Each structure stands twice: as structure tokens, then as C-alpha cells.
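Chemist: Following this message is one structure expressed as C-alpha cells.
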2 protein chains.
Amino acid sequence: MGVDATSGHKAQSDLSRHEADHPSSAVAHFAAHEPLMLDSGFALAPWQIAYQTYGTLNKDRSNAILICHALTGDQHVANVNPVTGKPGWWTSMVGPGKPFDTDRFFIICANVLGSCMGTSGPASLNAATQNPWAVDFPVVTIRDMVRAQARLLDRLGIESLFCVAGGSMGGMQVLQWASTFPDRVFSAIPLATGAKHSAQNIAFHEVGRQAVMADPDWHGGHYRLQGIRPEKGLAVARMAAHITYLSEGALHRKFGRRLQDRAAPTFSFDADFEIESYLRYQGRSFVERFDANSYLYLTRAMDYFDLADDAGGKLAAVFKGTKARFCVASFTSDWLFPTRDSRAIVHALNAAGASVSFVEIETDKGHDAFLLDEPVLFATTRGFIDAAARARHLPEASR
Amino acid sequence: MGVDATSGHKAQSDLSRHEADHPSSAVAHFAAHEPLMLDSGFALAPWQIAYQTYGTLNKDRSNAILICHALTGDQHVANVNPVTGKPGWWTSMVGPGKPFDTDRFFIICANVLGSCMGTSGPASLNAATQNPWAVDFPVVTIRDMVRAQARLLDRLGIESLFCVAGGSMGGMQVLQWASTFPDRVFSAIPLATGAKHSAQNIAFHEVGRQAVMADPDWHGGHYRLQGIRPEKGLAVARMAAHITYLSEGALHRKFGRRLQDRAAPTFSFDADFEIESYLRYQGRSFVERFDANSYLYLTRAMDYFDLADDAGGKLAAVFKGTKARFCVASFTSDWLFPTRDSRAIVHALNAAGASVSFVEIETDKGHDAFLLDEPVLFATTRGFIDAAARARHLPEASR
């Protein structure tokens with residue numbers, strides 16, 4: 001079986017459970033009298049939001065950039081991840097001299113609501129019961145995530161963001177920021193994203209959720225009480241999702257039909273092909289760092305996302321009167337959020353009279369390209385940020 | 001949970017188990033001294049192959065057409081399926097006056113080796129143990145399936161096929177026929193298929209297999225001995241696969257983001273969207289008719305398929321000297337076997353100097369289009385069959 005637990009799982013498991021309530025990062029706590037009002041009508045309290053910051057907030061508080069992470073991302077955008085020990089997920093883009101230059105800007109990244117790295121979610125303790133929330137946690141939306149981030153900014157005394165940026169589910173949050181808090185966004189960079197989740201994307205998410213819920217170790221969501229995790233189900237979910245993050249071309253280039261450490265097929269169900277071995281590894285390593293219930297909640301939030309709902313179904317109306325400037329980017333081989341999804345955003349922004357630049361980046365790396373070394377993405381982002389900084393009268397880059 | 005067993009499952013389950021050994025169709029039995037030699041080196045004996053025929057074999061035995069079914073198909077191509085009670089899977093193409101005209105041709109369709117509808121496979125009883133073979137059944141290849149079909153034709157006294165036709169895994173068998181038995185094939189119609197399985201397709205199959213094997217009810221493959229089935233795992237596998245049979249466009253057209261019998265999202269993990277409800281139904285109904293181990297074996301056979309291996313890696317060499325005429329068709333929205341896969345076949349046939357016609361059919365119905373009412377497919381097939389019949393001096397169509 002490829003999706004069995006690996007050795008060392010206990011130690012990492014304890015670590016990831018610890019992160020859910022006591023993250024290795026800053027945390028803003030909101031008390032019982034400071035509830036977060038959710039789209040579902042639920043008043044979440046007490047609640048907390050975990051975040052990292054990089055760089056220094058200037059005197060005018062005008063150089064803050066909010067980075068929004070994707071489905072299985074976290075606040076550790078440019079520091080070593082405390083659970084995996086690996087570098088932050090966007091060190092290519094965030095750091096000294098990088099497009100999101102920590103020498104010039106104050107960068108904030110918060111773990112999203114519903115996730116499992118220190119912001120309230122199903123893996124967190126429910127103060128009322130002193131048990132994990134599990135599936136009693138309210139279902140959240142992208143708008144709820146953004147509301148939580150806004151409350152964090154209030155706490156940090158930041159009225160207006162110089163920029164809000166992110167890819168995939170992070171891009172959804174960027175668009176939601178522009179819709180919900182248009183006066184708090186000077187510029188916005190939604191990458192590899194869409195203004196709504198497509199039927200096919202909902203379908204893939206549903207397969208993943210069913211895989212988790214089919215695992216008897218899920219225990220109706222209350223696995224933490226049993227001291228167990230639905231590892232096999234979550235690994236299958238991750239394997240299916242992982243295929244959608246890549247492209248047919250990249251899979252062909254990287255793996256093709258090559259056999260894994262053998263000269264001939266074994267006529268068995270072993271991982272004969274490199275691609276099988278790779279996928280099994282992806283599934284196995286994911287369960288070590290991510291909570292299964294969080295996976296259900298965050299995929300659900302993406303499925304529910306349809307930004308046009310904010311304005312009676314007219315996407316252009318969502319952006320009406322916005323003063324923010326936008327930089328939209330898509331990737332040619334991204335079939336999860338294909339270029340037509342970005343074009344729909346651009347058309348709506350154009351119709352709303354917004355300032356928008358758009359680039360479709362040629363690559364075979366699929367959806368995950370926004371996380372990878374993509375020189376055109378770096379150049380585009382850098383150029384957009386520099387122009388926006390000039391417009392906001394921020395100092396030039398020193399290098 | 002969407003993938004729970006439905007009522008009535010016991011009755012249908014008994015029925016499908018019965019079909020594995022005692023199918024509602026003709027069966028050719030091969031005794032202990034008539035083994036089927038497999039690519040793995042295994043000598044399978046005794047073994048059996050279940051088949052249906054339609055129409056009448058002519059005196060010259062020159063009007064036989066072999067239809068090869070796809071992954072989860074069966075021999076019931078143009079009669080009511082004994083397990084599901086539904087019409088045969090290709091009634092649109094096979095019948096009186098249809099492109100595969102049962103008034104003119106003798107049509108044969110056999111359940112493939114490794115399947116569960118009466119041809120030997122993991123669901124069949126192992127004569128040596130009187131228990132189901134389960135995972136002790138040898139891993140089979142597309143070439144093994146074709147060898148079994150050839151043995152059936154020998155039994156039926158049919159030396160040469162007027163035509164061999166099929167889509168997807170059926171198309172792989174068609175190509176394998178032309179490679180392994182070039183003198184026994186007068187014409188060949190491989191539809192929506194490829195000469196090898198791509199890395200992405202292997203990846204999706206591997207996800208399905210892992211979903212089945214992750215289900216504790218799989219019992220290491222020996223679930224039948226436990227009187228149980230890995231229903232949830234197999235349902236998840238089917239859900240993931242089903243997405244790949246459709247197209248993004250068709251999913252958008254048929255389902256979009258429409259909610260299922262409700263006015264607003266429920267903020268839960270219910271099947272809020274029609275696409276979720278549809279996928280759950282697909283998973284649920286599949287487990288009633290298909291054996292989980294057969295699913296492992298047949299996906300494996302497809303993964304192993306790389307026709308060029310028959311001739312040292314050169315696809316054109318596979319077809320060298322072939323006298324068969326070919327009709328290749330692909331569908332514009334098929335992303336499982338995209339048009340480039342069909343073009344690779346056509347280029348190889350051209351290089352081999354073979355007679356080949358090729359059509360790419362415009363449709364948004366995805367891979368499954370070969371099973372559906374596609375007028376251009378009907379017209380193309382009919383025209384090709386009629387011309388081939390004239391070349392073989394078979395009588396004209398009477399209507």
C-alpha cells in the first residue's frame with residue numbers, strides 16, 4: 001500500500017496538532033465579546049488568527065502588503081515551516097530584493113480561517129467544550145477569510161493595504177478584498193485564479209472530500225478524539241488534487257512512462273512507474289502536515305466562491321468605482337484556472353473602468369507555476385509593484 | 001456520506017457475483033490442457049471467455065466484426081444488460097441498419113480478460129482453490145485480452161475479422177489486434193484512444209487504485225471471502241475517473257454552479273451543487289455492477305499498454321506491411337486521449353504505408369463522446385464500413 005503511514009509520523013503529527021492552537025508565529029486573539037460574524041450567520045468567538053510579518057511598517061503605515069495563501073498553504077511564506085522544516089512556500093517572491101521586497105515593504109501573511117496552522121479552524125480547540133471543533137466548526141467562505149484578515153489589520157493599525165496578492169485560493173481572497181473592502185486596497189495581484197469555481201473544479205474537490213469521508217478513520221470528523229487520522233483518505237484526496245496542479249505536458253516531461261528503479265514491469269500493483277511512486281509520496285507527505293477536516297472546509301470555501309454574487313450576479317458591478325490597480329496573471333498550461341478565467345476578471349475590471357494589466361505566461365508547469373521560479377512572473381510583479389509604489393510615493397528600491 | 005451503499009445492494013451484488021462465473025451470455029470454456037499463455041509468463045487454465053453475438057455469420061465466414069469494449073464495459077453491446085437492466089452500451093452503433101449493421105454482419109463482443117462479466121478475472125472462481133481468484137489472478141495486458149479473443153475466434157471457426165472496432169481501452173485492443181494478428185484483420189476502427197497510456201492517465205488510474213486499496217473493506221483483495229465489497233473506495237475511484245471522461249465545457253453546460261434542489265448553500269458538506277449529487281450517484285451505481293479487483297486489473301492493463309514495445313519502440317514498425325485499412329477518430333474535447341494521441345497513430349500508419357482515414361470530431365462531450373449519439377461518428381463509421389465491405393465483396397446494405 002502506497003498510502004500507509006511512514007515512520008516518524010507520531011512526532012510530526014503531534015507537531016502539527018500543536019500548531020493548530022499554539023502556532024510558531026504571531027497570533028492575534030479575539031475574545032468572547034469580539035466575535036467574527038460569518039456568512040453562515042454563525043458568530044465565531046473566541047477566535048484567533050495566526051500570522052507572520054516581514055520587513056518594517058513605515059511611519060505612514062502605507063507600505064503594507066498582504067499575501068494570501070492557497071488551499072494548503074500557511075503564514076510561513078518566507079521562513080522555515082515549523083512542521084515540515086522546509087523553506088517558506090513563496091521564498092522565490094518574498095524577501096530582500098525580491099518582487100515583494102522585505103527591505104521596502106511590510107509583508108503580512110495570515111493563516112486563513114478554517115486552516116490548521118494557528119488560525120481558528122476545525123483542528124482548533126473549541127473553548128466551549130475543550131475538544132477540537134472538528135465538524136462542529138462553522139463552514140466558512142472566502143469572504144469570511146477576508147473578514148478575519150481585515151480584523152487582523154485593524155488590530156495592527158493598518159487602514160489601507162499598499163497591495164494584496166496571492167494565487168489560486170489566495171487569488172480568490174485578493175478579489176474578495178477588492179470587492180468587500182475597496183477603500184482598503186491600493187493595488188491587487190490575483191494570480192492563477194478565477195472569480196468563481198467551475199463545475200469541474202467543484203467535482204475534483206468533491207472527490208477529495210468523499211475520499212476523506214470514506215476513510216473509517218475519519219470517524220464522522222471526530223478523529224482527533226480517537227487519537228487517529230484519516231491518513232489513507234486524505235492521501236488519496238491529495239493525489240487526485242496534485243494531478244490537477246500539474247499539466248499533462250509537465251507530467252510527460254518529468255515522468256513519461258519511465259519505470260521506477262526496475263528494468264521491466266512487475267506484473268503487480270506495485271508502483272512500477274515513476275509517476276505512481278511520485279504521487280504516492282505526495283499523498284504520504286501531505287497527511288503529515290495537514291488536517292483532514294481543514295481540507296474539507298477549505299475546499300468547500302473555494303467551491304462556494306462566486307464573486308459576482310456580491311453584486312447580483314454581475315461581475316463588473318462588483319468592481320464598480322474601484323480605485324485599486326490590478327495585475328492579473330494566468331499560465332498557459334493551468335487547466336484548473338485556465339486563462340479564460342483570468343480574462344473574465346480582466347473584462348469585468350475593464351467594464352468597471354479599473355486600471356488593470358494582464359499577462360498570460362507561457363509555461364508547461366500548470367497551475368502550480370505561480371509557486372515556482374517563473375522569470376516572467378517575477379518581472380511582471382516587480383514592474384507592477386514598482387509602478388504602484390511610485391504612485392503611492394513610496395521610496396524606490398535601493399538595489 | 002454520498003458513497004454509502006444504497007438499498008437493494010444485496011440483490012444486485014448477488015447478481016453481479018453470479019455473472020462472474022455464470023454469465024447471461026454464451027461462454028467458451030477452455031480446459032486445463034488448453035491454457036492461455038500470458039505476457040507475465042503465467043499459464044491460465046482452465047479459463048473461460050463470455051461473449052454475445054448478433055446477426056448471422058455468412059458462408060464464407062467473411063462478415064465477422066469484433067467489437068472491443070472499454071474499461072468498465074461488457075459483452076452486452078446491443079442487448080439489455082443483465083445486471084443493470086439498462087440497454088446495451090453501444091445500441092446507437094450496433095443493430096439493424098446501424099453502422100455496425102446486424103442485418104449484414106456477424107457481430108461478436110467478448111467480455112475482456114480480467115473483467116467480471118463472465119470472462120476469467122479476479123472475481124471468477126479459481127478452480128484450484130474453489131475460492132475467488134481475487135489478487136491471486138495474474139496481472140494481464142491488452143495483448144493478453146486480444147490473445148483470449150483470438151482463441152474465441154478459433155473456437156468459432158473465424159479465421160479473419162472483417163473489422164475490429166472499439167473506443168478507449170477497446171481502441172487499444174483494436175491496435176493490438178492489428179499488431180499481433182495482422183493477417184486476421186481486414187479493417188480496424190480505433191476510436192478515442194492512443195498507442196500508449198500517458199503519464200497523466202497512469203496518474204489518474206493510480207489514484208483510483210489507491211482509493212480502492214485504502215478501503216479496509218478491500219481486505220487485501222479478498223473481500224469476497226468476507227462477503228463484503230470495498231464500496232466506498234471503488235465509488236471514489238469511479239468519481240475521479242468519471243470527471244476525466246467528460247469535459248470542462250460539458251460539465252459547465254450540464255451543471256455549472258447550479259444548486260441541487262435548494263435555493264441557497266447549506267453551509268455544510270451536503271451535495272449542495274448538482275455536480276456533486278451527480279458524481280455521488282455515478283460512484284454509487286458503479287459499485288453495484290463492477291468488481292473492485294477487476295477495476296484494479298483493467299486499469300493496470302491500460303497503464304502497461306505501449307504498442308511501440310511490440311517493435312522495439314518504433315510505432316511505425318508495429319504496422320509495417322499491414323494490409324488492414326484503418327479508420328481513426330478522436331474528439332476535440334477528449335482530454336484523456338486527446339487528438340494528438342490519434343495523430344501519433346495516424347502518422348505511424350502513414351509511415352508504414354497503411355491505408356488510413358482520420359477524423360477529429362468537434363464536440364464538447366469529452367472522452368465519452370464515442371459512446372454517445374454523435375452523427376459525424378455514425379456517418380464516418382458507416383462510410384468506412386461500406387467501403388470496406390465493397391472491397392471485401394460483401395453485399396450492399398439493403399436499406
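We name chains A, B, ... following the order of the C-alpha cells; residues begin at 1 in each chain, and ligands are numbered from 1 as shown.
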As a PyMOL selection string, please: the residues near Asn111 (chain B) (cut-off 7 Å, only C-alpha atoms, same-chain neighbours under 4 positions excluded).

Modeler: chain B and resi 49-51+74-75+115+117-119

Chemist: From a backbone DSSP assignment, name each residue in region 177-336 of chain A labelled strand (DSSP E or B), as a PyMOL selection string.

Modeler: chain A and resi 185+187-191+196+259+273+306+325-331

Chemist: Near Ile345 (chain B), within 12 Å and counting only C-alpha atoms, which residues show up once chain neighbours fewer than 4 positions away are dropped, as a PDB file with C-alpha atoms, in the first residue's frame?

Modeler:
ATOM      1  CA  GLY B 171      -9.347   1.011 -29.196  1.00  0.00           C
ATOM      2  CA  MET B 172      -6.159  -0.237 -27.554  1.00  0.00           C
ATOM      3  CA  VAL B 174      -8.065  -2.813 -31.887  1.00  0.00           C
ATOM      4  CA  LEU B 175      -4.497  -1.546 -32.308  1.00  0.00           C
ATOM      5  CA  ALA B 178      -3.511  -5.131 -35.924  1.00  0.00           C
ATOM      6  CA  ILE B 189     -11.586   1.266 -36.184  1.00  0.00           C
ATOM      7  CA  PRO B 190      -9.709   2.574 -33.133  1.00  0.00           C
ATOM      8  CA  LEU B 191     -11.684   5.406 -31.523  1.00  0.00           C
ATOM      9  CA  ALA B 192     -10.743   7.915 -28.818  1.00  0.00           C
ATOM     10  CA  THR B 193      -7.616   6.000 -27.950  1.00  0.00           C
ATOM     11  CA  GLY B 194      -3.822   6.076 -28.021  1.00  0.00           C
ATOM     12  CA  ALA B 195      -0.916   3.784 -28.797  1.00  0.00           C
ATOM     13  CA  LYS B 196       0.253   4.196 -25.196  1.00  0.00           C
ATOM     14  CA  ASP B 306       2.636   0.850 -25.050  1.00  0.00           C
ATOM     15  CA  LEU B 307       2.156  -0.627 -28.511  1.00  0.00           C
ATOM     16  CA  ALA B 308       5.547   0.507 -29.801  1.00  0.00           C
ATOM     17  CA  LYS B 314       9.113   2.309 -33.154  1.00  0.00           C
ATOM     18  CA  LEU B 315       5.360   2.641 -33.561  1.00  0.00           C
ATOM     19  CA  ALA B 316       5.510   2.692 -37.364  1.00  0.00           C
ATOM     20  CA  ALA B 317       7.395  -0.624 -37.340  1.00  0.00           C
ATOM     21  CA  VAL B 318       4.472  -2.194 -35.484  1.00  0.00           C
ATOM     22  CA  PHE B 319       2.268  -1.655 -38.524  1.00  0.00           C
ATOM     23  CA  PHE B 326      -7.823   1.888 -40.651  1.00  0.00           C
ATOM     24  CA  CYS B 327     -10.362   4.489 -39.605  1.00  0.00           C
ATOM     25  CA  VAL B 328      -9.095   6.589 -36.687  1.00  0.00           C
ATOM     26  CA  ALA B 329     -11.312   9.097 -34.882  1.00  0.00           C
ATOM     27  CA  SER B 330     -10.765  11.495 -31.998  1.00  0.00           C
ATOM     28  CA  PHE B 337      -6.981  10.630 -25.230  1.00  0.00           C
ATOM     29  CA  PRO B 338      -6.531  13.957 -26.972  1.00  0.00           C
ATOM     30  CA  THR B 339      -6.336  14.265 -30.742  1.00  0.00           C
ATOM     31  CA  ARG B 340      -2.542  14.271 -30.639  1.00  0.00           C
ATOM     32  CA  ASP B 341      -2.680  10.633 -29.472  1.00  0.00           C
ATOM     33  CA  LEU B 349       0.228   4.161 -40.088  1.00  0.00           C
ATOM     34  CA  ASN B 350       1.191   6.634 -42.812  1.00  0.00           C
ATOM     35  CA  ALA B 351       4.856   5.861 -42.275  1.00  0.00           C
ATOM     36  CA  ALA B 352       4.031   2.159 -42.570  1.00  0.00           C
ATOM     37  CA  ALA B 354      -1.093   1.687 -44.460  1.00  0.00           C
ATOM     38  CA  VAL B 356      -5.873   5.163 -43.086  1.00  0.00           C
ATOM     39  CA  SER B 357      -8.600   7.738 -42.789  1.00  0.00           C
ATOM     40  CA  PHE B 358      -8.723  10.086 -39.821  1.00  0.00           C
TER      41      PHE B 358
END

Chemist: As a PDB file with C-alpha atoms, in the first residue's frame, please: the residues near Ala241 (chain A) (cut-off 12 Å, only C-alpha atoms, same-chain neighbours under 5 positions excluded).

Modeler:
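Below is the file out.pdb, written as the result:
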ATOM      1  CA  LEU A  71      -5.578  25.884  -0.153  1.00  0.00           C
ATOM      2  CA  THR A  72      -2.856  24.050   1.721  1.00  0.00           C
ATOM      3  CA  GLN A 200     -15.096  20.659 -12.903  1.00  0.00           C
ATOM      4  CA  ASN A 201     -13.163  22.150 -10.010  1.00  0.00           C
ATOM      5  CA  ILE A 202     -16.067  21.537  -7.643  1.00  0.00           C
ATOM      6  CA  ALA A 203     -16.135  17.955  -8.965  1.00  0.00           C
ATOM      7  CA  PHE A 204     -12.466  17.350  -8.159  1.00  0.00           C
ATOM      8  CA  HIS A 205     -12.933  18.844  -4.695  1.00  0.00           C
ATOM      9  CA  GLU A 206     -15.946  16.631  -4.088  1.00  0.00           C
ATOM     10  CA  VAL A 207     -13.876  13.545  -4.982  1.00  0.00           C
ATOM     11  CA  GLY A 208     -11.280  14.607  -2.428  1.00  0.00           C
ATOM     12  CA  ARG A 209     -13.871  15.196   0.281  1.00  0.00           C
ATOM     13  CA  ALA A 211     -12.116  10.155  -0.209  1.00  0.00           C
ATOM     14  CA  LEU A 234      -6.552  12.314   2.820  1.00  0.00           C
ATOM     15  CA  ALA A 235      -3.617  10.884   0.852  1.00  0.00           C
ATOM     16  CA  VAL A 236      -5.960   9.789  -1.947  1.00  0.00           C
ATOM     17  CA  LEU A 246       0.374  19.999 -12.805  1.00  0.00           C
ATOM     18  CA  SER A 247      -0.031  19.732 -16.557  1.00  0.00           C
ATOM     19  CA  LEU A 279       2.082  10.570  -6.430  1.00  0.00           C
ATOM     20  CA  GLN A 282       2.836  13.418  -2.439  1.00  0.00           C
ATOM     21  CA  GLY A 283      -0.096  11.769  -0.657  1.00  0.00           C
ATOM     22  CA  PHE A 286       0.702  15.740   2.819  1.00  0.00           C
ATOM     23  CA  TYR A 295      -9.088  20.126   3.803  1.00  0.00           C
ATOM     24  CA  THR A 299     -12.203  23.073  -0.488  1.00  0.00           C
ATOM     25  CA  LEU A 336      -7.573  24.299 -13.034  1.00  0.00           C
ATOM     26  CA  HIS A 367      -1.440  25.620 -12.005  1.00  0.00           C
ATOM     27  CA  ASP A 368       1.480  25.340  -9.593  1.00  0.00           C
TER      28      ASP A 368
ATOM     29  CA  ALA B 203      -1.648   9.018 -12.527  1.00  0.00           C
ATOM     30  CA  PHE B 204      -5.454   9.110 -12.550  1.00  0.00           C
ATOM     31  CA  VAL B 207      -5.424   7.447  -7.670  1.00  0.00           C
ATOM     32  CA  ALA B 240     -12.420  10.657 -10.073  1.00  0.00           C
TER      33      ALA B 240
END

Chemist: Quick one: of B:Leu251, B:Ala45, B:Ala348, B:Leu161, who's nearest to chain A, counting only C-alpha atoms?

Modeler: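 The answer is B:Leu251, which sits nearest to chain A.
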
Chemist: So how far away is CA of Met37 (chain A) from CA of Arg151 (chain A), in Å?

Modeler: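 Atom-to-atom, CA of Arg151 (chain A) to CA of Met37 (chain A), that is 11.0 Å.
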
Chemist: Using DSSP assignments from the backbone, pull out every residue in region 312-379 of chain A that falls under helix (DSSP H, G or I) and give it to me as a PyMOL selection string.

Modeler: chain A and resi 315-318+339-351+367-371+375-379

Chemist: By how many Å are CA of Ala78 (chain A) and CA of Cys109 (chain A) apart?

Modeler: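 Computing it gives 9.5 Å between the two atoms.
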
Chemist: Could you name the residues that touch region 92-98 of chain B at 10 Å or less, counting only C-alpha atoms, but leaving out those on the same chain fewer than 3 positions away, as a list in words?

Modeler: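 Answer for this query is Tyr54, Gly55, Ile67, Val77, Ala78, Asn79, Gly88, Trp89, Asp101, Thr102, Asp103, Arg104, Phe105, Ile107, Phe370, Leu371, Leu372, Asp373, Glu374, Leu377, Phe378, Thr381, Arg382, Ala397, Ser398 and Arg399 of chain B.
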
Chemist: Suppose we keep C-alpha atoms; can you now write the selection as a tab-separated table (two decimals), in the first residue's frame?

Modeler:
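Written file, out12.tsv:
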chain	number	residue	atom	x	y	z
B	54	TYR	CA	-25.64	-10.53	-33.15
B	55	GLY	CA	-26.56	-11.25	-36.77
B	67	ILE	CA	-16.36	-5.09	-31.01
B	77	VAL	CA	-23.20	-4.28	-26.53
B	78	ALA	CA	-26.70	-4.33	-28.04
B	79	ASN	CA	-28.91	-6.21	-25.60
B	88	GLY	CA	-26.54	-2.32	-24.17
B	89	TRP	CA	-23.70	0.19	-24.13
B	101	ASP	CA	-25.41	-3.46	-39.17
B	102	THR	CA	-26.62	-6.72	-37.64
B	103	ASP	CA	-28.59	-7.40	-40.84
B	104	ARG	CA	-25.31	-7.63	-42.77
B	105	PHE	CA	-22.61	-8.55	-40.30
B	107	ILE	CA	-21.08	-9.06	-34.60
B	370	PHE	CA	-17.54	7.70	-28.61
B	371	LEU	CA	-20.38	6.11	-26.62
B	372	LEU	CA	-22.91	8.82	-27.38
B	373	ASP	CA	-25.09	9.94	-30.27
B	374	GLU	CA	-22.51	11.61	-32.47
B	377	LEU	CA	-19.08	9.41	-35.85
B	378	PHE	CA	-22.02	7.46	-37.27
B	381	THR	CA	-18.06	4.72	-39.44
B	382	ARG	CA	-20.86	3.89	-41.87
B	397	ALA	CA	-26.79	-2.60	-47.35
B	398	SER	CA	-30.44	-3.40	-48.10
B	399	ARG	CA	-31.68	-0.19	-46.58

Chemist: What is the CA of Gly114 (chain B)-CA of Leu298 (chain B) distance in Å, reported with one decimal?

Modeler: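 Result for CA of Gly114 (chain B) versus CA of Leu298 (chain B): 6.4 Å, one decimal.
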
Chemist: So, counting only C-alpha atoms, which residue among B:Asn131, B:Gln210, B:Ser333, B:Asn58 is closest to Gln226 (chain B)?

Modeler: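 Ranked by minimum distance to Gln226 (chain B), first place goes to B:Asn131.
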
Chemist: Near Asp217 (chain B), within 9 Å and counting only C-alpha atoms, which residues show up once chain neighbours fewer than 4 positions away are dropped, as number ranges by chain?

Modeler: B: 212-213, 221-223, 226, 228-233

Chemist: When you look at Thr180 (chain A) with a cut-off of 12 Å (counting only C-alpha atoms), what residues show up, excluding the ones that are within fewer than 6 positions of it in the same chain? I need them as JSON, numbers by chain.

Modeler: {"A": [142, 143, 144, 145, 146, 147, 149, 150, 172, 173, 174, 307, 308, 309, 310, 311, 318, 319, 320, 322]}

Chemist: In terms of the shortest atom-to-atom distance over only C-alpha atoms, which of B:Tyr278, B:Phe106, B:Trp177, B:Tyr297 is closest to Met239 (chain B)?

Modeler: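 Once distances to Met239 (chain B) are computed over only C-alpha atoms, the minimum belongs to B:Tyr278.
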